[in-house]
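Written out below as C-alpha cells is the structure these notes cover.
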Amino acid sequence: MGRLFRFKAFLFLICAAAHLFCNSNAYSSSSVSSSSTTMHTNNWAVLVCTSRFWFNYRHMANTLSLYRTVKRLGIPDERIILMLADDMACNPRNKYPAQVFNNENHRLNLYGDNVEVDYRGYEVTVENFLRVLTGRHEAAVPRSKRLLSDEGSHILLYMTGHGGDEFLKFQDNEELQSHDLADAVKQMKEKQRFKELLIMVDTCQAATLFSQLHSPGVLAIGSSKKGENSYSHHLDTDVGVSVVDRFTFYTLAFFEKLNMYDNASLSSLFGSYNPNMLMSTSYFRTDLYQRWLEEVPVTDFFGSVMETIHTVSAYRAFSGKNSDEDRIKLSSDQSVGLEKRRTLVSSNVQDQINDSNTKDQLGVFEYLWYTILNKAEKIEDADILVNYGLAIILPLVAVFTWLSH
Amino acid sequence: MADFSGSPENRPSEISETSDRSQNSSADFDPCTMRKTKPGLKRLFLTLTVLFSFFLGAPFLLKSIEIYRSPLPFRDIDSLSDSVGSSPLFFPCHFQTIFVGFDNLDAYELGSSIRDEMRKLTEHPVCGACSGSNYTVSVTVESASGCARNYNAESSCMWRCGAIGELDFDFGSGSDDDGVDEFLGSVLGSCEGLRKVYSVVVVNRGGEIRAVVGKYRHGWIVGRVLGERMDELVARVAETFVKVFVNGGKESGSIHGEFMPVGSDGRIILSFNLLNADPTDWIYDWDFRRIDEILFTPVIKALGPVANISVESQVLYHTPKSSISYWDEKLDSYIFSTKDLPFFVNSNEWHLDTSTAAGGRSKILQFVLYIPSAKECPLLLQLPNGEISVTNAFISPMWGGVAVWNPPGCLRDSGSKPPARHTISPQDLQKVFEIFMGQLRQLFGLKSDSLYVGASGTTKLLASEKGFTEWELDVLSRQHACFNLVSCATTLGSLSRLVQSLPRMIIMDEIGKQVKFSLEAAKLTQNNASLGIYDASASPQDKQDR
C-alpha cells in the first residue's frame with residue numbers, strides 16, 4: 001500500500017507540473033496590440049436600470065433622467081441602449097399613468113415623448129447586459145438592440161439599482177459581479193469596441209463594482225465607497241415613493257445648466273459632488289485613463305460629437321450623360337415592362353403545355369393521381385377541406401350501418 | 001473475510017496441530033470469519049488485479065468527463081500574428097517611364113535617379129504600400145535617334161517605340177485630356193493579367209509643364225523641358241509614382257480605421273434620404289431609381305472587390321435640423337458655419353436608420369439631401385475663411401454625408417392651399433448626386449476634387465464614370481487588404497489568448513473550422529499580396545463572433 005501511495009503521489013506531481021508549464025506558456029504570449037491613435041467619431045450611451053417593483057421607482061427615474069439629458073445634449077436614440085427592468089409609467093400603482101417624475105414639483109415628465117426602450121422588463125438580465133457590451137448576439141437580434149460601436153466610439157455606461165460589495169443586483173434574482181464587468185470590458189477592449197469608456201454607477205457601495213477593471217481608456221465614477229450607502233434624495237408624498245437618488249440628482253443639476261455647445265470639463269463634473277449633500281463619498285477611478293480630466297469636455301461622453309469634414313467639390317465625371325440617355329432610358333423602361341408582361345403570359349402557357357404533355361406520357365391512373373396532387377397543392381385553405389371531409393364522414397357512417405343491418 | 005483459498009483437506013491437519021496450544025483461544029476463534037495465517041501472495045494478486053482493471057478503465061472514464069475542445073492551431077495563429085506584426089503587407093509594384101522627344105538621355109541613369117527619388121519619398125512605408133525592395137522601374141527613352149530602354153524587353157506591356165508619332169492632336173492644351181487618356185490607354189493597355197504597371201509618359205513638346213493622371217494606370221507630363229531642369233522632372237515623376245499611384249493622393253499614407261467604412265461582414269449599405277424640413281412649405285420628391293441606374297450601378301460594380309454594396313432610399317418629412325442659422329444681409333441668405341456642422345444632424349427627428357435589410361454587422365452610410373424650410377431658405381454654408389461653399393455639403397467619417405439643396409427661387413405657395421408636390425429636376429438631381437459621389441470618395445479616404453497639389457507642382461486627376469479610377473481602386477484594394485489582414489490577425493490572436501487562458505471552456509467544432517478557414521484566408525491573402533493580385537486579397541475575412 002505504501003508503494004502504491006507513493007506511486008500515485010508521484011503521478012499527481014508530474015501532472016501538476018505539466019499543467020503549470022502549459023499555463024505559463026499561454027500567459028507569456030499575451031501582448032496587447034496597441035492601436036494607433038484613432039479619431040473620436042461617435043458617442044454611445046448604455047443606460048441600465050436593474051431594479052423592479054414599485055418601491056424602486058427612483059431607479060427608473062434616475063435612468064430616464066439621464067436618458068433625457070443625453071438626448072438633449074445630442075446623442076440620438078439609435079446610439080442609446082436603454083434597459084429598464086420594470087415599467088413604472090404604466091404600473092397599476094402609479095397615480096399619474098404614463099408619467100414618470102424625478103422631482104416632487106412634477107415639472108418634468110420623463111416619459112413624455114420619444115422614449116425608446118430597447119430592453120424592457122424581463123429582458124434586462126445579466127446575460128443580455130453582457131451580450132450588449134461584448135456584441136455577441138444571436139443573428140436575429142435587431143440593430144436597435146445592439147451596441148454597434150467601433151474603435152472611435154466613446155461609451156457612457158450608467159447603471160443604477162441595488163448593489164453591494166463587488167456586485168450589482170439584477171431583477172432581484174441575479175447578480176452582476178465586478179469581475180464579470182471587468183471581463184466584459186476587457187473583451188470590449190480586445191475587440192476594439194470603444195476608444196474611451198465612462199462608467200457611472202449609482203448604487204450602494206458603488207465603487208467596489210469597478211475594483212477589478214484593468215483595461216486602459218476606462219474612467220469610472222461611483223456614488224459611494226465600500227461600506228457606504230447611497231441615499232435617495234427626497235420622497236414625493238403624492239406619488240408615494242422616493243423619486244430620485246442623490247447622486248443622480250446632483251448630476252442632473254450640473255447638466256441642466258449646460259446645452260449642446262458648452263464645454264464644461266469632466267473635472268468640474270466630478271468636483272461638483274459634495275459629500276455632505278450626497279451623504280456618501282463619490283469615488284472616481286482615473287488610473288486607467290490617459291487624458292487629464294480638466295481637458296476632457298463632458299460632451300465627449302454625454303453629448304454628441306460628429307467629426308465633420310467639408311466636401312470641397314463634386315465629382316464631375318458624369319456630365320456627359322444627359323437627356324439623350326434619359327430619353328433612351330425611358331423608352332427602354334417601357335419596353336422592359338412590356339417584356340415582363342410577355343414573359344409572365346408565356347410562363348402560364350408553358351405550364352399548361354407541360355400539363356398536356358404529361359397527360360400523354362403517363363397512364364390514366366397516374367395522370368389522375370398527378371392531378372389530384374396538383375390540386376391538393378393548390379388548395380390554400382386546408383381547414384375547409386378538412387371540415388368538408390369530416391362532414392362527409394357522418395352520412396357515410398349512417399349509410400354503412402344501414403347497409404350492414 | 002476468511003480466506004478459503006486452501007482446500008478443506010489441509011485445514012484439519014493445521015487445526016489438529018495447534019489445537020492443544022490454542023485450547024484457550026478456540027472459544028473465540030471462528031474459522032468462518034477469522035484466519036490465523038498472514039495474507040499471502042493471493043491477496044496481493046487479487047488487489048493488483050482490481051487496481052489494474054481500474055487503471056485500464058480510467059482513460060475511458062476520463063474521456064467521458066472531458067470537456068470537448070476542438071483543437072485549435074495555436075502555433076499557426078501565433079506565427080500569423082508575428083508575421084503580420086513584424087512585416088507589414090507589401091505589394092510588388094511595377095512602374096515605367098517613357099521619355100519622348102528628348103536627346104542625350106541615358107536610360108539607365110534616369111532609371112536609377114528615379115529610384116533614388118522614390119526611395120527618398122518612401123522613408124516610412126506603411127502597410128499596403130509598395131514594397132521597398134521589390135519594385136521595378138523601367139525607363140524608355142524615345143528620341144530622334146532611336147529607342148533606348150534600361151531593361152530587357154520581355155513583355156508586351158511595355159511601350160511600343162514610335163507609338164507617340166501617331167498622335168497628331170495636341171497634348172499640351174488640356175482641351176482633350178480624355179482623348180489623350182484613351183489613346184495612351186490603348187497603347188499601354190495591351191497587358192492583361194496580373195501584372196499591373198503604372199506608367200508616366202513625359203513628352204517634350206509645347207510650352208508650360210502640365211501633369212495629368214488618367215483614369216487607368218497611366219499619366220503624362222507635357223512641356224518644354226530644358227536640360228538643366230531634368231532633376232525637377234525626375235522628382236515630379238517620382239512624386240507622381242509615390243504620392244499619387246501608391247498612396248492614392250492622400251497626404252499621410254497611413255491607414256486610419258475611420259476611413260474604412262466596410263462592415264465586418266464585408267457589406268456596406270448606402271442609404272439615401274431626402275429630407276423635407278417643413279412639408280407645409282413645399283414637398284419635394286426625386287426619381288431615385290433612374291439616377292441610381294445611371295450613376296451608381298457602375299460605381300457599385302467597380303467597388304466589388306472592396307465591399308459588397310447595396311443601395312436603399314427613402315423620403316422623410318418634418319425633419320428640421322438642430323443647429324441654428326442666421327440671416328446675412330450681404331449674402332442675402334441664411335448662413336450656417338462649419339462650427340455648426342457637428343450639431344446639424346438632428347437625430348431625434350431624423351429617423352434614418354430604418355433599414356430592414358441591414359444585418360447586425362454591416363455598415364450603413366447615410367447620405368442626406370436636406371431641403372430647408374421657407375424660414376431658412378436659401379441656406380448656405382460658410383467656410384472659416386469667409387467663402388461660401390460651392391457644394392453646401394459635408395461628411396462625417398463612418399457615418400455618411402449631408403448636402404443642402406435650396407429649392408429654386410425659394411418661392412412659397414401663398415395662402416392655405418396644400419403645398420404643391422415638386423420633383424427635383426434631373427439636372428439638379430444629377431448635380432446633387434455628383435456631390436454624393438464626391439462624399440462617397442471622401443468616406444473612403446480619397447479626395448473629392450480632381451487636383452493633387454504636391455511639392456513639385458499640381459497634377460490634374462481625371463475623373464472616371466465609375467466613380468473611382470483604376471489606380472484608385474488599386475489603392476483601396478491594397479489598403480483594405482492590409483487592414484483586413486491586420487484585424488484578422490489581432491482577432492485570431494486575442495481568440496487564442498482567451499481560449500488558452502480558460503482551460504475549461506468548451507470549444508465547438510464549428511469554431512475550430514471557422515478558425516482554420518480564417519487562417520487559410522489570411523495565408524492566401526499574404527500569398528496573393530506577394531504575387532501582386534490585389535482583387536483577391538482584398539476580399540474580407542468572414543469571422544463569426546461567438
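Numbering starts fresh at 1 for the residues of each chain in the C-alpha cells, the chains themselves are lettered A, B, ... in the order given, and ligands are numbered from 1 as they appear.
Residues in contact with Ile81 in chain A at up to 7 Å, not including ones fewer than 2 positions away on its chain and judged by only C-alpha atoms, are Ala45, Val46, Leu47, Arg79, Met83, Asp118 and Lys145 of chain A.
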Using 7 Å as the limit and counting only C-alpha atoms, can you tabulate each residue of chain A that touches chain B, with its shortest atom-to-atom distance in Å and the two atoms involved, as JSON lines?
```
{"residue": "A:Ala26", "atom": "CA", "partner": "B:Gln500", "partner_atom": "CA", "distance": 5.7}
{"residue": "A:Ser30", "atom": "CA", "partner": "B:Arg497", "partner_atom": "CA", "distance": 6.3}
{"residue": "A:Thr38", "atom": "CA", "partner": "B:His256", "partner_atom": "CA", "distance": 6.9}
{"residue": "A:Met39", "atom": "CA", "partner": "B:Glu258", "partner_atom": "CA", "distance": 6.9}
{"residue": "A:Thr41", "atom": "CA", "partner": "B:Pro397", "partner_atom": "CA", "distance": 6.9}
{"residue": "A:Pro76", "atom": "CA", "partner": "B:Ser347", "partner_atom": "CA", "distance": 4.9}
{"residue": "A:Asp77", "atom": "CA", "partner": "B:Asn348", "partner_atom": "CA", "distance": 6.7}
{"residue": "A:Arg136", "atom": "CA", "partner": "B:Arg546", "partner_atom": "CA", "distance": 6.0}
{"residue": "A:Pro142", "atom": "CA", "partner": "B:Gly360", "partner_atom": "CA", "distance": 6.8}
{"residue": "A:Arg143", "atom": "CA", "partner": "B:Gly360", "partner_atom": "CA", "distance": 5.6}
{"residue": "A:Glu190", "atom": "CA", "partner": "B:Ser494", "partner_atom": "CA", "distance": 6.7}
{"residue": "A:Val305", "atom": "CA", "partner": "B:Pro342", "partner_atom": "CA", "distance": 6.1}
{"residue": "A:Met306", "atom": "CA", "partner": "B:Pro342", "partner_atom": "CA", "distance": 4.8}
{"residue": "A:Glu307", "atom": "CA", "partner": "B:Ser396", "partner_atom": "CA", "distance": 5.5}
{"residue": "A:Thr308", "atom": "CA", "partner": "B:Ser396", "partner_atom": "CA", "distance": 4.5}
{"residue": "A:Ile309", "atom": "CA", "partner": "B:Ile395", "partner_atom": "CA", "distance": 5.3}
{"residue": "A:His310", "atom": "CA", "partner": "B:Phe394", "partner_atom": "CA", "distance": 4.2}
{"residue": "A:Thr311", "atom": "CA", "partner": "B:Phe394", "partner_atom": "CA", "distance": 4.9}
{"residue": "A:Val312", "atom": "CA", "partner": "B:Asp449", "partner_atom": "CA", "distance": 6.6}
{"residue": "A:Ser313", "atom": "CA", "partner": "B:Asp449", "partner_atom": "CA", "distance": 5.2}
{"residue": "A:Ala314", "atom": "CA", "partner": "B:Ile435", "partner_atom": "CA", "distance": 4.1}
{"residue": "A:Tyr315", "atom": "CA", "partner": "B:Gly438", "partner_atom": "CA", "distance": 4.8}
{"residue": "A:Arg316", "atom": "CA", "partner": "B:Glu434", "partner_atom": "CA", "distance": 6.0}
{"residue": "A:Ala317", "atom": "CA", "partner": "B:Ala463", "partner_atom": "CA", "distance": 5.2}
{"residue": "A:Phe318", "atom": "CA", "partner": "B:Glu465", "partner_atom": "CA", "distance": 5.8}
```
Task: Selected residue, from A:Arg285, A:Lys189, A:His59, A:Arg93, that lies nearest to Thr208 in chain A when counting only C-alpha atoms - done: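 Closest residue, counting only C-alpha atoms: A:Arg285.
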TODO: Figure out the distance between CA of Pro297 in chain A and CA of Leu380 in chain B, please, to one decimal in Å.
DONE: 29.2 Å
- [ ] Could you check which of A:Met60, A:Leu368, A:Val243, A:Val70 is closest to Glu104 in chain A, using only C-alpha atoms?
- [x]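 Smallest distance to Glu104 in chain A is found for A:Val243.
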TODO: Enter the distance from CA of Glu138 in chain A to CA of His40 in chain A, in Å, rounded to one decimal.
DONE: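 Going from CA of Glu138 in chain A over to CA of His40 in chain A, I get 28.4 Å.
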Open item on the list: Residues near range 275-278 of chain B, anyone? I mean within 8 Å using only C-alpha atoms, not counting same-chain ones fewer than 4 positions away, as a PyMOL selection string.
Closed with: chain B and resi 282-284+315-321+368-374
With C-alpha atoms kept, could you save the residues just selected as an mmCIF file, in the first residue's frame?
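Saved file again_5.cif follows:
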```cif
data_model
loop_
_atom_site.group_PDB
_atom_site.id
_atom_site.type_symbol
_atom_site.label_atom_id
_atom_site.label_comp_id
_atom_site.auth_asym_id
_atom_site.auth_seq_id
_atom_site.Cartn_x
_atom_site.Cartn_y
_atom_site.Cartn_z
ATOM 1 C CA TRP B 282 -43.129 72.643 -50.115
ATOM 2 C CA ILE B 283 -42.776 68.961 -50.718
ATOM 3 C CA TYR B 284 -40.060 67.580 -52.925
ATOM 4 C CA VAL B 315 -38.113 60.313 -48.384
ATOM 5 C CA LEU B 316 -38.800 61.850 -44.969
ATOM 6 C CA TYR B 317 -40.932 64.794 -43.863
ATOM 7 C CA HIS B 318 -40.932 67.114 -40.842
ATOM 8 C CA THR B 319 -37.216 66.861 -40.299
ATOM 9 C CA PRO B 320 -35.804 70.167 -39.079
ATOM 10 C CA LYS B 321 -32.144 70.477 -38.305
ATOM 11 C CA VAL B 368 -28.884 63.022 -46.653
ATOM 12 C CA LEU B 369 -30.266 65.610 -49.047
ATOM 13 C CA TYR B 370 -31.695 68.329 -46.843
ATOM 14 C CA ILE B 371 -34.283 70.748 -48.194
ATOM 15 C CA PRO B 372 -34.686 73.666 -45.796
ATOM 16 C CA SER B 373 -37.972 75.234 -44.846
ATOM 17 C CA ALA B 374 -39.128 78.606 -46.158
#
```
